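Q: Questions regarding the structure given below will be posed in turn.
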Amino acid sequence: MNARQRFANACRGLPVDRPPVWLMRQAGRSLPEYRALREHHEFWELLTTPELAAEVTRQPLRRFEVDAAIIFSDILVIPAALGQKVLFGGGMTLTPPIRGANGIAALKTSGTNGRLEYVAEALKIVREELADEQALLGFAGAPFTVASYMVEGGGSKSYSRLKAMMYREPATYERLLSVVTDATIEYLQLQIECGVDAVQLFDSWAGELSPDDYRKYAQPFVKRIIEQLAPTETPVVYFINGIGNLLEEAKACGPAVLGIDWRVSLEEVRRRLGANTIVQGNLDPGVLYAEPAEIRRRTLAMIDETGGRGHIANLGHGVAPDTPLDGIYAFVEAVQEWNSGGNEKV
Ligand code: 1CP
């Protein structure tokens, strides 16, 4: 069974020899070869130059025996395609921030895919190179998370402006989220046309919402995206950082796979949502700072929680930039060693 088949089977709960493995944020700052490229190219230049984006996508595959590549891009390409200026300088700045109906009216809602052609080009390059061997993931931010950047004008701790819009101007909020949702559906359809094996929706900040508010302000848009992609039969992986309080709500969105962070155990996810729930995750990225033997022990224990069936091995959030490479090797190798015949516990 090759990596691509292993990944495809895991997404569908079909038999695998071992769980497939990849790491969120596997391309990027944790790799010295990425940092070397960054000395010569700005972040946004890497992203928008197809050959360079394809190169960064491949970098982790040369080092680690992961089963999937994720296209090197960013969730903020959608605000950029909608006409906001996205500036990178350590954090991200989006201008002008969307603060009301006028800001939304000024967005360029039609022809967004034409302004995302660079992602399609990069995907085609990588797809051709991986051929049938490894899986390729596309991705986008989920609407609530993307809108948080658009309204706040960058990263935020309190989401105060977004929440002010949500509660005081619900029609404006709904309009903004609809605009982002429509652009995201078209964008993911474009990625699927370029041959991705699955797409991941990153809802990095939805864990910030109470279950009631999640149902009202985030869930309908994610549901709409997943429903619209259903005819493509491409699995959607839905990741919420802090999914533990929203498990039932996230499942109700209908994704093929739920991305789980490390604050909830995979065993609890299966107990609450059913034994057939397909999961991705969920080692604490902080565990990669431990000794390799400890990383191995924890990784095998994580897979034992699911018995390796319907499970894509991953971290519970992205690899941190200062993660020791030894830690990443230990994680990937442990997944490869796992076998369903019972693992010795070290
Ligand atoms: O060179 C650099 O310093 C740029 C750092 C960087 C990188 C490597 C940014 C800026 N984005 C990326 C790539 C990226 N972003 C990927 C690559 C593919 C891979 O996984 O290997 C992915 C999937 C993302 C997605 C992304 N961007 C998310 C969701 C994932 C998550 O970690 O929760 C988010 C929230 C962003 C926004 C973003 N992009 C970059 C930064 C510094 C931020 C966070 C800004 C903030 O919240 O303050």
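Starting from 1 in every chain, residues are counted up; chains themselves are A, B, ... following the order of the structure tokens, and ligands are numbered from 1 as listed.
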Can you tell me which residues come within 8 Å of ligand 1 when counting only C-alpha atoms and all ligand atoms, ideally as a PDB file with C-alpha atoms, in the first residue's frame?
A:
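To be explicit, this is the file written out as pocket_31.pdb:
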ATOM      1  CA  LEU A  23       2.206  17.331  10.391  1.00  0.00           C
ATOM      2  CA  MET A  24       0.260  20.554  10.354  1.00  0.00           C
ATOM      3  CA  ARG A  25       2.699  23.331   9.404  1.00  0.00           C
ATOM      4  CA  GLN A  26       5.246  20.752   8.238  1.00  0.00           C
ATOM      5  CA  ALA A  27       6.397  23.244   5.588  1.00  0.00           C
ATOM      6  CA  GLY A  28       7.822  26.416   7.054  1.00  0.00           C
ATOM      7  CA  ARG A  29       9.932  27.847   9.773  1.00  0.00           C
ATOM      8  CA  TYR A  34      12.853  27.022   4.490  1.00  0.00           C
ATOM      9  CA  ARG A  35      14.660  29.638   6.552  1.00  0.00           C
ATOM     10  CA  ARG A  38      13.395  33.115   3.258  1.00  0.00           C
ATOM     11  CA  GLU A  42       9.692  37.544   1.194  1.00  0.00           C
ATOM     12  CA  PHE A  43       6.971  35.303   2.622  1.00  0.00           C
ATOM     13  CA  THR A  57       5.719  22.169  -0.219  1.00  0.00           C
ATOM     14  CA  ALA A  69       2.150  17.036   1.370  1.00  0.00           C
ATOM     15  CA  ILE A  70       0.149  20.158   2.194  1.00  0.00           C
ATOM     16  CA  ILE A  71       0.339  22.961  -0.301  1.00  0.00           C
ATOM     17  CA  PHE A  72       2.450  25.848   0.970  1.00  0.00           C
ATOM     18  CA  SER A  73       0.030  28.745   1.150  1.00  0.00           C
ATOM     19  CA  ASP A  74      -1.895  30.645   3.806  1.00  0.00           C
ATOM     20  CA  ILE A  75      -5.475  31.082   4.944  1.00  0.00           C
ATOM     21  CA  LEU A  76      -5.104  34.832   4.251  1.00  0.00           C
ATOM     22  CA  PHE A  88       3.515  40.199   6.561  1.00  0.00           C
ATOM     23  CA  GLY A  90       6.279  38.744  11.743  1.00  0.00           C
ATOM     24  CA  GLY A  91       2.512  38.885  12.338  1.00  0.00           C
ATOM     25  CA  MET A  92      -0.032  39.703   9.667  1.00  0.00           C
ATOM     26  CA  PHE A 139      -6.680  23.896   2.478  1.00  0.00           C
ATOM     27  CA  ALA A 140      -8.477  27.090   3.384  1.00  0.00           C
ATOM     28  CA  GLY A 141      -9.371  28.878   6.585  1.00  0.00           C
ATOM     29  CA  THR A 145     -11.363  32.296  11.504  1.00  0.00           C
ATOM     30  CA  TYR A 149      -8.434  38.499  10.555  1.00  0.00           C
ATOM     31  CA  GLY A 154      -4.621  40.965  11.956  1.00  0.00           C
ATOM     32  CA  GLY A 155      -4.215  38.477  14.770  1.00  0.00           C
ATOM     33  CA  SER A 156      -6.150  39.181  17.948  1.00  0.00           C
ATOM     34  CA  PHE A 202      -8.558  25.400   9.507  1.00  0.00           C
ATOM     35  CA  ASP A 203     -10.883  26.875  12.140  1.00  0.00           C
ATOM     36  CA  SER A 204      -8.021  27.917  14.370  1.00  0.00           C
ATOM     37  CA  TRP A 205     -10.026  30.346  16.500  1.00  0.00           C
ATOM     38  CA  ASN A 241      -8.152  24.281  17.747  1.00  0.00           C
ATOM     39  CA  HIS A 317      -1.855  21.920  16.100  1.00  0.00           C
ATOM     40  CA  GLY A 318       1.001  23.191  13.932  1.00  0.00           C
TER      41      GLY A 318
END
Q: Find the residues around A:Glu267 up to 12 Å (only C-alpha atoms counted), leave out those fewer than 5 positions away in its own chain, and share them as a count of residues only.
A: 22
Q: If you count only C-alpha atoms, which residues fall within 10 Å of A:Thr172, apart from same-chain ones fewer than 5 positions away, as a ChimeraX atom specification?
A: /A:99-104,165-166,177-178
Q: Near A:Ala122, within 8 Å and counting only C-alpha atoms, which residues show up once chain neighbours fewer than 5 positions away are dropped, as an MDAnalysis selection string?
A: chainID A and resid 49:51 53:54 71
Q: If you keep N, CA, C and O atoms, can you produce a file of those selected residues as a CSV table (one decimal), in the first residue's frame?
A:
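So the final result, stored in result-v3.csv, reads:
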chain,number,residue,atom,x,y,z
A,49,THR,N,4.6,32.7,-5.9
A,49,THR,CA,5.4,32.3,-7.0
A,49,THR,C,5.3,30.7,-7.1
A,49,THR,O,5.8,30.0,-6.2
A,50,PRO,N,4.5,30.2,-8.1
A,50,PRO,CA,4.2,28.8,-8.0
A,50,PRO,C,5.4,27.8,-7.9
A,50,PRO,O,5.4,26.9,-7.1
A,51,GLU,N,6.5,28.1,-8.6
A,51,GLU,CA,7.7,27.2,-8.5
A,51,GLU,C,8.2,27.2,-7.0
A,51,GLU,O,8.7,26.2,-6.5
A,53,ALA,N,6.5,28.1,-4.2
A,53,ALA,CA,5.5,27.5,-3.3
A,53,ALA,C,5.6,26.0,-3.4
A,53,ALA,O,5.5,25.2,-2.4
A,54,ALA,N,5.8,25.5,-4.7
A,54,ALA,CA,5.9,24.0,-4.9
A,54,ALA,C,7.2,23.5,-4.2
A,54,ALA,O,7.2,22.4,-3.5
A,71,ILE,N,-0.1,21.9,0.6
A,71,ILE,CA,0.3,23.0,-0.3
A,71,ILE,C,0.8,24.1,0.6
A,71,ILE,O,0.1,24.5,1.5
Q: Tell me which of A:Tyr167, A:Tyr217, A:Phe64, A:Gly310 sits closest to A:Arg270, counting only C-alpha atoms.
A: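 For A:Arg270, the nearest of the candidates is A:Gly310.
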Q: Please provide the set of residues having any atom within 12 Å of A:Leu94, restricted to only C-alpha atoms, with same-chain residues fewer than 6 positions apart removed, written as a list of chain:residue names.
A: A:Leu76, A:Val77, A:Ile78, A:Pro79, A:Ala80, A:Leu82, A:Gly83, A:Gln84, A:Lys85, A:Val86, A:Leu87, A:Phe88, A:Val146, A:Ala147, A:Ser148, A:Tyr149, A:Met150, A:Val151, A:Glu152, A:Gly153, A:Gly154, A:Gly155, A:Ser156
Q: Any idea what the distance is between atom CA of A:Leu201 and atom CA of A:Tyr238?
A: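 These two atoms are separated by 5.0 Å.
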Q: Give me the residues within 7 Å of A:Ala313 as a list in words, counting only C-alpha atoms and dropping any in the same chain fewer than 6 places off.
A: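 Close residues of A:Ala313: Pro19, Pro20, Val21, Trp22, Gln280 and Gly281 of chain A.
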Q: Could those selected residues go to a file with C-alpha atoms, as a CSV table (one decimal), in the first residue's frame?
A:
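So result_6.csv came out as:
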chain,number,residue,atom,x,y,z
A,19,PRO,CA,-2.2,5.2,10.0
A,20,PRO,CA,-0.9,7.7,7.5
A,21,VAL,CA,1.1,10.6,9.0
A,22,TRP,CA,1.7,14.3,8.2
A,280,GLN,CA,-6.8,13.3,12.6
A,281,GLY,CA,-4.4,14.2,15.4
Q: Pick from A:Lys163, A:Arg298, A:Arg6, A:Arg12: nearest to A:Asp284, with only C-alpha atoms counted?
A: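 Ranked by minimum distance to A:Asp284, first place goes to A:Arg298.
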